[in-house]
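Novice: Handing over work-v3.cif, mmCIF, C-alpha atoms and all ligand atoms.
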data_input
loop_
_atom_site.label_atom_id
_atom_site.label_comp_id
_atom_site.auth_asym_id
_atom_site.auth_seq_id
_atom_site.Cartn_x
_atom_site.Cartn_y
_atom_site.Cartn_z
CA MET A 1 -53.17 -6.11 -27.46
CA ASP A 2 -56.72 -4.82 -27.60
CA THR A 3 -57.63 -1.14 -27.46
CA LYS A 4 -58.09 -1.10 -23.70
CA GLN A 5 -54.67 -2.65 -23.05
CA LEU A 6 -52.97 -0.31 -25.51
CA ASP A 7 -54.64 2.69 -23.91
CA ASN A 8 -53.56 1.60 -20.44
CA GLN A 9 -50.01 1.04 -21.60
CA TYR A 10 -49.45 4.06 -23.83
CA ILE A 11 -51.82 6.88 -22.89
CA MET A 12 -51.29 8.98 -19.78
CA HIS A 13 -53.94 8.11 -17.28
CA THR A 14 -55.69 11.49 -17.18
CA TYR A 15 -59.23 10.16 -17.70
CA GLY A 16 -61.51 7.74 -15.95
CA ARG A 17 -63.02 5.86 -18.88
CA TYR A 18 -66.19 3.84 -19.32
CA ASP A 19 -65.50 0.25 -20.31
CA VAL A 20 -66.32 0.79 -24.00
CA ALA A 21 -64.23 1.52 -27.09
CA LEU A 22 -66.27 3.33 -29.74
CA LYS A 23 -65.47 2.69 -33.37
CA SER A 24 -68.26 4.28 -35.40
CA GLY A 25 -71.52 6.14 -35.15
CA LYS A 26 -74.51 7.50 -37.02
CA GLY A 27 -76.99 10.03 -35.69
CA CYS A 28 -77.55 9.46 -31.96
CA ARG A 29 -76.11 5.94 -32.05
CA ALA A 30 -72.54 4.83 -31.53
CA VAL A 31 -71.19 1.36 -32.23
CA GLY A 32 -68.62 -0.17 -29.92
CA GLU A 33 -65.72 -2.41 -30.90
CA ASP A 34 -67.74 -5.10 -29.14
CA GLY A 35 -70.39 -4.70 -31.87
CA LYS A 36 -72.93 -3.32 -29.40
CA THR A 37 -74.99 -0.25 -30.33
CA TYR A 38 -75.35 2.58 -27.83
CA LEU A 39 -77.81 5.45 -27.70
CA ASP A 40 -75.74 8.56 -26.95
CA VAL A 41 -77.16 11.46 -24.94
CA SER A 42 -73.73 12.90 -24.17
CA SER A 43 -72.57 13.94 -27.68
CA GLY A 44 -68.93 13.71 -26.65
CA ILE A 45 -69.69 16.38 -23.99
CA GLY A 46 -71.90 18.49 -26.19
CA VAL A 47 -69.50 18.46 -29.13
CA ASN A 48 -71.35 16.36 -31.71
CA SER A 49 -74.18 18.88 -31.93
CA LEU A 50 -75.68 17.13 -34.98
CA GLY A 51 -74.87 13.62 -33.75
CA TYR A 52 -72.43 11.22 -35.32
CA CYS A 53 -71.48 11.67 -38.97
CA ASP A 54 -74.41 13.84 -40.04
CA GLU A 55 -74.53 13.60 -43.82
CA GLY A 56 -74.40 17.33 -44.59
CA TRP A 57 -71.62 17.85 -42.09
CA VAL A 58 -69.55 14.97 -43.47
CA ASN A 59 -69.99 16.34 -46.99
CA ALA A 60 -68.90 19.84 -45.94
CA VAL A 61 -65.84 18.58 -44.08
CA THR A 62 -64.70 16.05 -46.69
CA ALA A 63 -65.17 18.50 -49.56
CA GLN A 64 -63.00 21.03 -47.74
CA ALA A 65 -60.35 18.42 -46.87
CA GLY A 66 -60.02 17.73 -50.60
CA GLU A 67 -59.84 21.44 -51.44
CA ILE A 68 -57.28 22.87 -48.99
CA GLN A 69 -56.72 21.41 -45.52
CA HIS A 70 -54.67 24.13 -43.83
CA MET A 71 -53.05 27.43 -44.49
CA SER A 72 -51.22 29.62 -42.03
CA ASN A 73 -52.90 32.67 -40.60
CA TYR A 74 -50.66 34.81 -42.82
CA PHE A 75 -53.23 34.13 -45.54
CA TYR A 76 -56.92 34.96 -45.85
CA SER A 77 -59.30 32.02 -45.44
CA PRO A 78 -62.74 31.94 -47.12
CA GLN A 79 -64.16 29.39 -44.64
CA ALA A 80 -62.95 31.29 -41.56
CA SER A 81 -64.16 34.67 -42.86
CA LYS A 82 -67.58 33.25 -43.60
CA LEU A 83 -67.81 31.65 -40.16
CA ALA A 84 -66.87 34.91 -38.44
CA GLN A 85 -69.44 36.77 -40.55
CA THR A 86 -72.21 34.34 -39.58
CA LEU A 87 -71.32 34.51 -35.87
CA CYS A 88 -71.39 38.31 -35.95
CA GLU A 89 -74.52 38.67 -38.08
CA LYS A 90 -76.47 36.40 -35.75
CA THR A 91 -75.38 38.34 -32.63
CA HIS A 92 -74.47 41.89 -31.55
CA PHE A 93 -70.75 41.04 -31.68
CA THR A 94 -68.55 42.65 -34.32
CA LYS A 95 -65.32 40.61 -34.42
CA VAL A 96 -64.13 37.06 -33.77
CA CYS A 97 -60.78 35.53 -32.78
CA PHE A 98 -60.44 31.79 -33.44
CA GLY A 99 -58.59 29.17 -31.42
CA ASN A 100 -58.75 25.40 -31.06
CA SER A 101 -60.51 24.72 -27.77
CA GLY A 102 -62.62 26.18 -25.02
CA ALA A 103 -59.63 26.89 -22.80
CA GLU A 104 -57.92 28.77 -25.62
CA ALA A 105 -61.03 30.82 -26.31
CA ASN A 106 -61.10 31.80 -22.62
CA GLU A 107 -57.38 32.62 -22.66
CA CYS A 108 -58.09 34.97 -25.57
CA ALA A 109 -61.01 36.61 -23.75
CA ILE A 110 -58.88 37.14 -20.64
CA LYS A 111 -56.16 38.76 -22.74
CA VAL A 112 -58.66 41.03 -24.51
CA ALA A 113 -60.18 42.13 -21.18
CA ARG A 114 -56.78 42.86 -19.67
CA LYS A 115 -55.50 44.73 -22.71
CA TYR A 116 -58.66 46.83 -22.98
CA SER A 117 -58.09 47.91 -19.42
CA PHE A 118 -54.35 48.44 -19.90
CA ASP A 119 -54.90 50.63 -22.98
CA LYS A 120 -57.51 52.76 -21.24
CA TYR A 121 -56.48 52.82 -17.58
CA GLY A 122 -52.82 51.78 -17.57
CA GLU A 123 -51.04 49.17 -15.49
CA GLY A 124 -52.45 47.38 -12.45
CA ARG A 125 -56.13 47.22 -13.36
CA ASN A 126 -56.13 43.59 -14.42
CA GLU A 127 -58.12 41.41 -12.03
CA ILE A 128 -61.06 39.33 -13.14
CA ILE A 129 -63.84 38.13 -10.88
CA THR A 130 -65.10 34.61 -11.58
CA LEU A 131 -67.63 32.49 -9.71
CA LYS A 132 -67.16 29.69 -7.23
CA ASN A 133 -68.00 26.33 -8.75
CA SER A 134 -67.16 27.57 -12.24
CA PHE A 135 -65.14 25.73 -14.87
CA HIS A 136 -63.11 27.56 -17.50
CA GLY A 137 -60.53 25.06 -18.76
CA ARG A 138 -57.33 23.15 -18.04
CA THR A 139 -54.52 25.53 -18.97
CA VAL A 140 -52.70 27.13 -16.06
CA THR A 141 -54.54 30.43 -16.51
CA THR A 142 -58.01 28.99 -17.11
CA LEU A 143 -57.55 26.65 -14.14
CA SER A 144 -56.68 29.73 -12.16
CA ALA A 145 -59.92 31.32 -13.38
CA THR A 146 -61.83 28.18 -12.34
CA GLY A 147 -63.38 28.80 -8.92
CA GLN A 148 -62.94 25.29 -7.49
CA ASP A 149 -60.11 24.65 -5.03
CA ASN A 150 -59.78 20.96 -5.92
CA PHE A 151 -58.53 21.92 -9.39
CA HIS A 152 -55.72 23.96 -7.86
CA THR A 153 -53.98 21.37 -5.73
CA PHE A 154 -50.92 20.28 -7.71
CA PHE A 155 -50.07 22.99 -10.17
CA TYR A 156 -48.86 26.07 -8.35
CA PRO A 157 -47.85 28.74 -9.09
CA PHE A 158 -50.94 29.89 -10.97
CA THR A 159 -51.58 32.98 -13.04
CA GLU A 160 -52.45 35.83 -10.71
CA GLY A 161 -55.43 38.10 -10.96
CA PHE A 162 -58.54 36.03 -10.30
CA LYS A 163 -60.97 36.39 -7.40
CA TYR A 164 -63.88 34.07 -6.75
CA ALA A 165 -67.36 35.28 -5.82
CA ASP A 166 -70.52 33.45 -4.82
CA ALA A 167 -73.31 33.60 -7.35
CA ASP A 168 -74.95 36.55 -5.60
CA PHE A 169 -74.66 40.22 -6.34
CA ASP A 170 -73.29 41.39 -2.98
CA SER A 171 -70.50 38.85 -3.17
CA VAL A 172 -69.47 40.02 -6.65
CA ASN A 173 -69.86 43.70 -5.77
CA ALA A 174 -67.73 43.31 -2.63
CA LEU A 175 -64.80 42.06 -4.71
CA VAL A 176 -64.82 44.95 -7.17
CA ASP A 177 -62.09 47.51 -6.54
CA ASP A 178 -59.77 49.73 -8.58
CA LYS A 179 -57.82 46.67 -9.74
CA THR A 180 -60.82 44.93 -11.28
CA CYS A 181 -61.05 44.82 -15.08
CA GLY A 182 -63.70 42.21 -15.72
CA VAL A 183 -66.15 39.52 -14.68
CA LEU A 184 -66.17 36.03 -16.22
CA LEU A 185 -69.11 33.67 -15.74
CA GLU A 186 -71.08 30.78 -17.24
CA CYS A 187 -74.81 31.54 -17.35
CA VAL A 188 -75.33 27.82 -16.73
CA GLN A 189 -72.43 26.20 -14.90
CA GLY A 190 -71.93 22.94 -16.76
CA GLU A 191 -69.16 21.01 -15.04
CA GLY A 192 -70.21 22.61 -11.74
CA GLY A 193 -73.52 20.70 -11.81
CA VAL A 194 -75.81 22.29 -14.40
CA ASN A 195 -76.46 25.30 -12.15
CA ILE A 196 -78.67 27.79 -13.94
CA LEU A 197 -77.79 31.26 -12.66
CA ASP A 198 -80.55 33.52 -11.42
CA LYS A 199 -81.62 35.96 -14.14
CA ASP A 200 -81.77 38.98 -11.79
CA PHE A 201 -78.27 38.19 -10.56
CA VAL A 202 -76.86 37.97 -14.09
CA GLN A 203 -78.59 41.19 -15.08
CA SER A 204 -77.35 43.08 -12.04
CA VAL A 205 -73.79 41.90 -12.70
CA ALA A 206 -74.15 43.10 -16.30
CA LYS A 207 -75.33 46.49 -15.03
CA LEU A 208 -72.44 46.72 -12.57
CA CYS A 209 -70.00 45.94 -15.37
CA GLU A 210 -71.48 48.68 -17.49
CA GLU A 211 -71.32 51.25 -14.67
CA LYS A 212 -67.70 50.45 -13.77
CA ASP A 213 -66.46 49.78 -17.32
CA LEU A 214 -65.64 46.16 -16.43
CA VAL A 215 -65.49 43.72 -19.31
CA LEU A 216 -68.29 41.16 -18.97
CA ILE A 217 -67.17 37.80 -20.37
CA VAL A 218 -69.69 34.99 -20.70
CA ASP A 219 -68.13 31.54 -21.10
CA GLU A 220 -70.42 29.82 -23.62
CA VAL A 221 -68.05 26.93 -24.29
CA GLN A 222 -70.70 24.43 -23.18
CA THR A 223 -73.89 26.51 -23.41
CA GLY A 224 -73.29 28.02 -26.85
CA VAL A 225 -74.39 27.11 -30.37
CA GLY A 226 -77.99 26.16 -29.65
CA ARG A 227 -77.48 23.97 -26.60
CA THR A 228 -79.85 25.99 -24.40
CA GLY A 229 -82.48 26.67 -27.07
CA LYS A 230 -80.99 30.02 -28.09
CA LEU A 231 -77.98 30.38 -30.36
CA PHE A 232 -76.13 31.62 -27.26
CA CYS A 233 -77.24 31.17 -23.68
CA TYR A 234 -76.83 34.83 -22.65
CA GLU A 235 -79.86 35.61 -24.85
CA ASN A 236 -81.99 33.78 -22.27
CA PHE A 237 -80.83 36.36 -19.71
CA ASP A 238 -81.47 39.48 -21.83
CA ILE A 239 -77.96 40.81 -21.46
CA GLN A 240 -75.34 41.92 -23.99
CA PRO A 241 -71.92 40.71 -22.83
CA ASP A 242 -68.75 42.40 -24.09
CA LEU A 243 -67.11 39.07 -24.86
CA ILE A 244 -68.28 35.49 -25.21
CA THR A 245 -66.32 32.32 -25.80
CA CYS A 246 -67.62 29.20 -27.49
CA ALA A 247 -66.13 25.90 -28.54
CA LYS A 248 -67.68 22.50 -27.81
CA GLY A 249 -70.67 22.34 -30.15
CA LEU A 250 -69.38 24.80 -32.74
CA GLY A 251 -67.38 22.45 -34.96
CA GLY A 252 -69.87 19.58 -34.83
CA GLY A 253 -67.07 17.24 -33.73
CA LEU A 254 -63.87 18.98 -34.76
CA PRO A 255 -61.76 21.15 -32.44
CA ILE A 256 -62.42 24.88 -32.57
CA GLY A 257 -62.70 27.74 -30.12
CA ALA A 258 -63.95 31.24 -30.76
CA CYS A 259 -63.88 34.47 -28.80
CA LEU A 260 -66.46 37.03 -29.95
CA CYS A 261 -66.18 40.69 -28.95
CA SER A 262 -68.49 43.69 -29.04
CA LYS A 263 -67.78 46.93 -30.90
CA LYS A 264 -66.13 48.54 -27.88
CA LEU A 265 -63.40 45.87 -27.91
CA GLU A 266 -62.97 45.22 -31.62
CA ASP A 267 -59.67 47.07 -31.99
CA VAL A 268 -58.06 45.99 -28.72
CA MET A 269 -56.08 43.15 -30.27
CA GLN A 270 -53.53 44.08 -32.91
CA PRO A 271 -50.99 42.07 -34.94
CA SER A 272 -48.72 39.96 -32.71
CA THR A 273 -50.86 40.34 -29.56
CA HIS A 274 -52.41 36.88 -30.06
CA GLY A 275 -52.32 33.95 -32.44
CA SER A 276 -52.30 30.21 -32.97
CA THR A 277 -50.85 28.01 -35.70
CA PHE A 278 -53.88 25.76 -36.02
CA ALA A 279 -56.61 28.32 -35.37
CA ALA A 280 -59.32 28.83 -37.99
CA ASN A 281 -58.44 25.61 -39.79
CA PRO A 282 -60.52 25.53 -43.00
CA VAL A 283 -61.74 21.93 -42.59
CA VAL A 284 -62.92 22.67 -39.06
CA CYS A 285 -64.46 25.98 -40.17
CA ALA A 286 -66.31 24.19 -42.99
CA GLY A 287 -67.81 21.86 -40.34
CA ALA A 288 -68.72 24.85 -38.15
CA ASN A 289 -70.28 26.70 -41.09
CA TYR A 290 -72.46 23.67 -41.71
CA VAL A 291 -73.42 23.39 -38.02
CA LEU A 292 -74.47 27.07 -37.95
CA SER A 293 -76.48 26.67 -41.18
CA VAL A 294 -78.60 24.12 -39.30
CA VAL A 295 -78.53 25.32 -35.68
CA GLY A 296 -78.74 29.05 -36.49
CA ASP A 297 -82.36 28.63 -37.60
CA GLU A 298 -85.11 29.92 -35.24
CA LYS A 299 -87.38 26.93 -35.88
CA PHE A 300 -84.55 24.53 -35.09
CA LEU A 301 -83.88 26.38 -31.83
CA ASP A 302 -87.59 26.30 -30.90
CA GLU A 303 -87.46 22.54 -31.32
CA VAL A 304 -84.43 22.33 -28.99
CA ASN A 305 -86.55 24.07 -26.34
CA LYS A 306 -89.54 21.80 -26.94
CA LYS A 307 -87.36 18.70 -26.76
CA GLY A 308 -85.83 19.99 -23.52
CA ASP A 309 -89.31 20.42 -21.99
CA PHE A 310 -90.40 17.01 -23.25
CA LEU A 311 -87.29 15.33 -21.84
CA ARG A 312 -87.66 17.03 -18.45
CA ASN A 313 -91.32 16.00 -18.17
CA GLN A 314 -90.53 12.40 -19.07
CA LEU A 315 -87.62 12.26 -16.62
CA LEU A 316 -89.72 13.65 -13.77
CA LYS A 317 -92.02 10.60 -14.05
CA ILE A 318 -89.20 8.23 -13.14
CA LYS A 319 -89.02 6.81 -9.63
CA GLY A 320 -85.68 7.71 -8.08
CA ILE A 321 -85.27 11.08 -9.78
CA LYS A 322 -85.53 13.95 -7.32
CA SER A 323 -85.33 16.92 -9.66
CA VAL A 324 -84.38 17.89 -13.18
CA ARG A 325 -82.90 21.21 -14.21
CA ASN A 326 -82.49 22.16 -17.83
CA LEU A 327 -82.22 24.98 -20.27
CA GLY A 328 -82.99 23.53 -23.68
CA LEU A 329 -81.02 20.31 -24.09
CA MET A 330 -78.52 21.03 -21.31
CA VAL A 331 -79.94 18.77 -18.64
CA GLY A 332 -78.95 17.93 -15.07
CA ILE A 333 -80.69 15.09 -13.22
CA GLU A 334 -80.60 14.95 -9.43
CA LEU A 335 -81.11 11.47 -7.99
CA GLU A 336 -82.98 10.70 -4.77
CA LYS A 337 -80.26 8.29 -3.76
CA GLY A 338 -77.18 6.58 -5.07
CA ASP A 339 -73.99 7.64 -6.74
CA ALA A 340 -74.51 9.34 -10.13
CA HIS A 341 -71.29 7.94 -11.55
CA GLU A 342 -72.23 4.35 -10.63
CA ILE A 343 -75.62 4.84 -12.25
CA ALA A 344 -73.98 6.29 -15.35
CA VAL A 345 -71.71 3.20 -15.59
CA LYS A 346 -74.78 0.97 -15.37
CA CYS A 347 -76.60 3.04 -18.01
CA VAL A 348 -73.64 2.49 -20.34
CA GLU A 349 -73.86 -1.26 -19.70
CA ASN A 350 -77.55 -0.98 -20.59
CA GLY A 351 -76.75 0.80 -23.86
CA LEU A 352 -77.10 4.48 -22.91
CA LEU A 353 -74.09 6.81 -23.07
CA ILE A 354 -74.63 9.43 -20.39
CA ILE A 355 -72.28 11.58 -18.31
CA THR A 356 -72.26 13.23 -14.90
CA ALA A 357 -71.69 16.71 -13.48
CA LYS A 358 -70.76 16.68 -9.80
CA SER A 359 -73.48 14.58 -8.09
CA LEU A 360 -75.88 14.83 -11.03
CA LEU A 361 -76.41 12.80 -14.15
CA ARG A 362 -75.99 15.05 -17.16
CA MET A 363 -77.50 14.78 -20.62
CA LEU A 364 -76.25 16.85 -23.58
CA PRO A 365 -77.91 14.98 -26.44
CA PRO A 366 -77.34 15.85 -30.09
CA LEU A 367 -79.53 18.90 -30.81
CA ASN A 368 -81.29 17.04 -33.63
CA ILE A 369 -82.23 14.01 -31.50
CA SER A 370 -85.77 12.76 -32.15
CA TYR A 371 -88.58 12.55 -29.59
CA SER A 372 -88.62 8.76 -29.86
CA GLU A 373 -84.89 8.61 -29.16
CA LEU A 374 -85.43 10.82 -26.12
CA GLU A 375 -88.17 8.42 -24.96
CA GLU A 376 -85.82 5.50 -25.45
CA ALA A 377 -83.11 7.22 -23.40
CA VAL A 378 -85.61 7.84 -20.61
CA GLU A 379 -86.69 4.18 -20.72
CA ILE A 380 -83.11 2.94 -20.39
CA LEU A 381 -82.43 5.31 -17.49
CA ASP A 382 -85.68 4.23 -15.81
CA LYS A 383 -84.82 0.55 -16.22
CA THR A 384 -81.30 1.17 -14.88
CA LEU A 385 -82.55 3.05 -11.81
CA GLN A 386 -85.16 0.38 -11.02
CA GLU A 387 -82.56 -2.40 -11.44
CA ALA A 388 -80.21 -0.54 -9.09
CA ASN A 389 -83.04 -0.71 -6.56
CA LEU A 390 -81.61 2.08 -4.41
C1 LIG A 401 -65.42 22.33 -21.54
C2 LIG A 401 -65.37 23.70 -21.02
C3 LIG A 401 -64.20 24.48 -21.10
C4 LIG A 401 -62.91 23.93 -21.63
O1 LIG A 401 -62.98 23.60 -22.97
P1 LIG A 401 -61.80 22.72 -23.63
O2 LIG A 401 -62.18 22.63 -25.07
O3 LIG A 401 -61.79 21.40 -22.94
O4 LIG A 401 -60.53 23.46 -23.43
C5 LIG A 401 -64.27 25.79 -20.68
N1 LIG A 401 -65.40 26.31 -20.18
C6 LIG A 401 -66.54 25.59 -20.08
C7 LIG A 401 -67.77 26.24 -19.55
C8 LIG A 401 -66.55 24.26 -20.48
O5 LIG A 401 -67.68 23.54 -20.35
#
Before anything else, please render the file you have as C-alpha cells.
Ligand SMILES: *Cc1c(COP(=O)(O)O)cnc(C)c1O

Specialist:
Amino acid sequence: MDTKQLDNQYIMHTYGRYDVALKSGKGCRAVGEDGKTYLDVSSGIGVNSLGYCDEGWVNAVTAQAGEIQHMSNYFYSPQASKLAQTLCEKTHFTKVCFGNSGAEANECAIKVARKYSFDKYGEGRNEIITLKNSFHGRTVTTLSATGQDNFHTFFYPFTEGFKYADADFDSVNALVDDKTCGVLLECVQGEGGVNILDKDFVQSVAKLCEEKDLVLIVDEVQTGVGRTGKLFCYENFDIQPDLITCAKGLGGGLPIGACLCSKKLEDVMQPSTHGSTFAANPVVCAGANYVLSVVGDEKFLDEVNKKGDFLRNQLLKIKGIKSVRNLGLMVGIELEKGDAHEIAVKCVENGLLIITAKSLLRMLPPLNISYSELEEAVEILDKTLQEANL
C-alpha cells in the first residue's frame, strides 16, 4: 500500500489532507514522495520558523540527541534552564513553565490564573473571559475557552468558567463581575481569520485587567517567536500581559509549549500543582535555543517586518485579491470571489503549499524566507487565481 492508502486505513480521519505526501525538505522547499518540489509558505502552520532542516538547527538538535535525549523533571536540565533564561531576559516575564503544545501551554496559563485568584480571593472567583472567534486548542478545557460554537458540538460537558465577548471594550466590560479572574485573547486571531485586534481595544482591556486585578493572558501560540515582526506580538500593542503562551514556532519543528508569567505570578505554582512527563525535553529545548539565537535578534525581526510589507504589496497587485491583512509574516488574504480552500488545493497542485483561515488564504512562511522566494510564491498564487478564472 502507498502512504495515502495506509493513512486512510490506519489513521483516524481527523484531518482533511492535501493530496501530497512530504518526504523531505530544505529551506522553504519540501519534496513530495512523487518527487515534485513545493515552495512552502505555510511552515507546517508556523512551526518550521527557520524552514526545513536549517543547518544550525539540525546541528543543535542532533548534537543534543547524542548527548542526552530525555530526563525526567526530577532533574535539572541545562538546555531547559537556558531556554527559560533567554525567554525571560528578552521580555518582562520572570518565570517559565514548559509543556509540549499550544493547548498545554494554555491549560497551564488557565491554571495559573485560577490559582492566583484562589490564593488571593478564595473560592468562586475563577471565570475567564475569552473572545468570540478565538482559538485556544483542542483539549476539553481549551476548546471550552475557544469562542466558536461549532467547536463545541459533540464534546459536552465542557470545563465551566468561560464567557465569550465581542472584540470591543463594552462587550468585555459587561461580562466582568465578582467571579471573573482573567481575560484570555490572541492579539491576532490566527485560526479565526487573521483578525488583527484594534490597538485601543487591547490597551483598554489591559487597563481594565490592571484595575480589577484580572490576569491578562495573551495566547501567542501562533503569533509568538518573531512571527509578527516582534519577538512576541503583544509588543506591537504596547501592553505588558501577566501571562503569555507560545508554542508553534518556538521549537523550529519539534513539539514544545511554554507559559511565561510576570513577577506578580511567579510563585503561584508550587510543586505538584502542574507537570508533564515530556515537558522541557532537552532535544526540543536545544532546537528552541537555536531558534531564539536567530529570531531573537532585532535586525532579524526588522527583516520579518520588511518581508511582510513586501509580500503584502506584491499580493495587492494580483487580480482577484480583495484585501491583505498582515502583521509581519502572519498574512491573511481575502479573495474577491471563490472558495479559499479550493484555491489552496489548486496552489498545491501548482507547487505552492499554502493554508487557509476561515474564508481567507493564509501564509505563515518561514521567517528566513528570501525576497525572491516570496516573489515566486506570489507568482504561483497569481497564476493559480488567473487559471481559476473566477
Ligand atoms: C495552534 C494554536 C493553539 C493550539 O496549539 P496546539 O499545539 O495545536 O495544541 C492554541 N492557540 C492558538 C492561537 C493557536 O494558533

Novice: Under the rule that only C-alpha atoms are counted, which of A:Asp213, A:His274, A:Gln5, A:Val378 is the nearest residue to Leu316 of chain A?

Specialist: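 For Leu316 of chain A, the nearest of the candidates is A:Val378.
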
Novice: Return as a ChimeraX atom specification every polymer residue, whether protein, DNA or RNA, with at least one atom no more than 10 Å from an atom of ligand LIG 401 (chain A); count only C-alpha atoms and all ligand atoms.

Specialist: /A:45-47,99-107,134-139,142-143,146,185-192,218-224,245-249,255-257

Novice: Which value, in Å to one decimal, gives the distance between atom CA of Gly161 of chain A and atom CA of Cys108 of chain A?

Specialist: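 Between atom CA of Gly161 of chain A and atom CA of Cys108 of chain A the gap is 15.2 Å.
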
Novice: For the atom pair atom CA of Ser81 of chain A and atom CA of Val215 of chain A, what is the interatomic distance in Å to one decimal place?

Specialist: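 Atom-to-atom, atom CA of Ser81 of chain A to atom CA of Val215 of chain A, that is 25.3 Å.
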
Novice: Which neighbours of segment 110-113 of chain A fall inside 7 Å, counting all atoms listed in the file, when residues of the same chain fewer than 6 positions from it are skipped, and could you give them as a ChimeraX atom specification?

Specialist: /A:181-182,215,268-269

Novice: Please give the centre and size of the box around segment 217-223 of chain A (axis-aligned, containing every atom listed in the file, 8 Å added per side), with values in Å to one decimal and written as AutoDock Vina command-line options.

Specialist:
--center_x -70.5 --center_y 31.1 --center_z -22.3 --size_x 22.7 --size_y 29.4 --size_z 19.9

Novice: Which value, in Å to one decimal, gives the distance between atom CA of Glu89 of chain A and atom CA of Gly328 of chain A?

Specialist: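 Interatomic distance, atom CA of Glu89 of chain A to atom CA of Gly328 of chain A: 22.5 Å.
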
Novice: Mind listing whatever residues come within 10 Å of the point (-64.2, 32.5, -41.7)? Use only C-alpha atoms, file coordinates, and give them as number ranges by chain.

Specialist: A: 76-87, 96, 98, 280-282, 285-286, 288-289

Novice: Skip Ala357 of chain A itself and residues of its chain fewer than 4 positions away, then list as a PyMOL selection string all residues within 10 Å of it, counting only C-alpha atoms.

Specialist: chain A and resi 189-195+331-334+340-341+361-363

Novice: Hey, what's within 9 Å of Glu303 of chain A if we count only C-alpha atoms and toss same-chain stuff fewer than 5 positions away? As an NGL selection string, please?

Specialist: :A and (229 or 298 or 308 or 328 or 367-368)

Novice: Extract, using all atoms listed in the file, all DNA, RNA and protein residues at most 12 Å from segment 10-16 of chain A, discarding same-chain residues fewer than 6 positions from it, and format them as an MDAnalysis selection string.

Specialist: chainID A and resid 1 3:4 138 341 345 355

Novice: At a cut-off of 12 Å from (-79.8, 23.2, -36.4) in the coordinates of the file, what residues are picked up using only C-alpha atoms, written as a ChimeraX atom specification?

Specialist: /A:48-51,54,56-57,225-227,229-231,249-250,252,288-304,366-369

Novice: Would you mind listing what lies within 9 Å of Phe237 of chain A as a list of chain:residue names, with only C-alpha atoms counted and same-chain residues fewer than 4 positions away left out?

Specialist: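 Once the adjacent positions are removed, what remains is A:Cys187, A:Asp198, A:Lys199, A:Asp200, A:Val202, A:Gln203, A:Cys233.
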
Novice: Of the candidates A:Gly320, A:Thr356, A:Leu327, A:Pro365, which shows the shortest atom-to-atom distance to Ala388 of chain A, using only C-alpha atoms?

Specialist: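 Nearest candidate to Ala388 of chain A out of A:Gly320, A:Thr356, A:Leu327, A:Pro365: A:Gly320.
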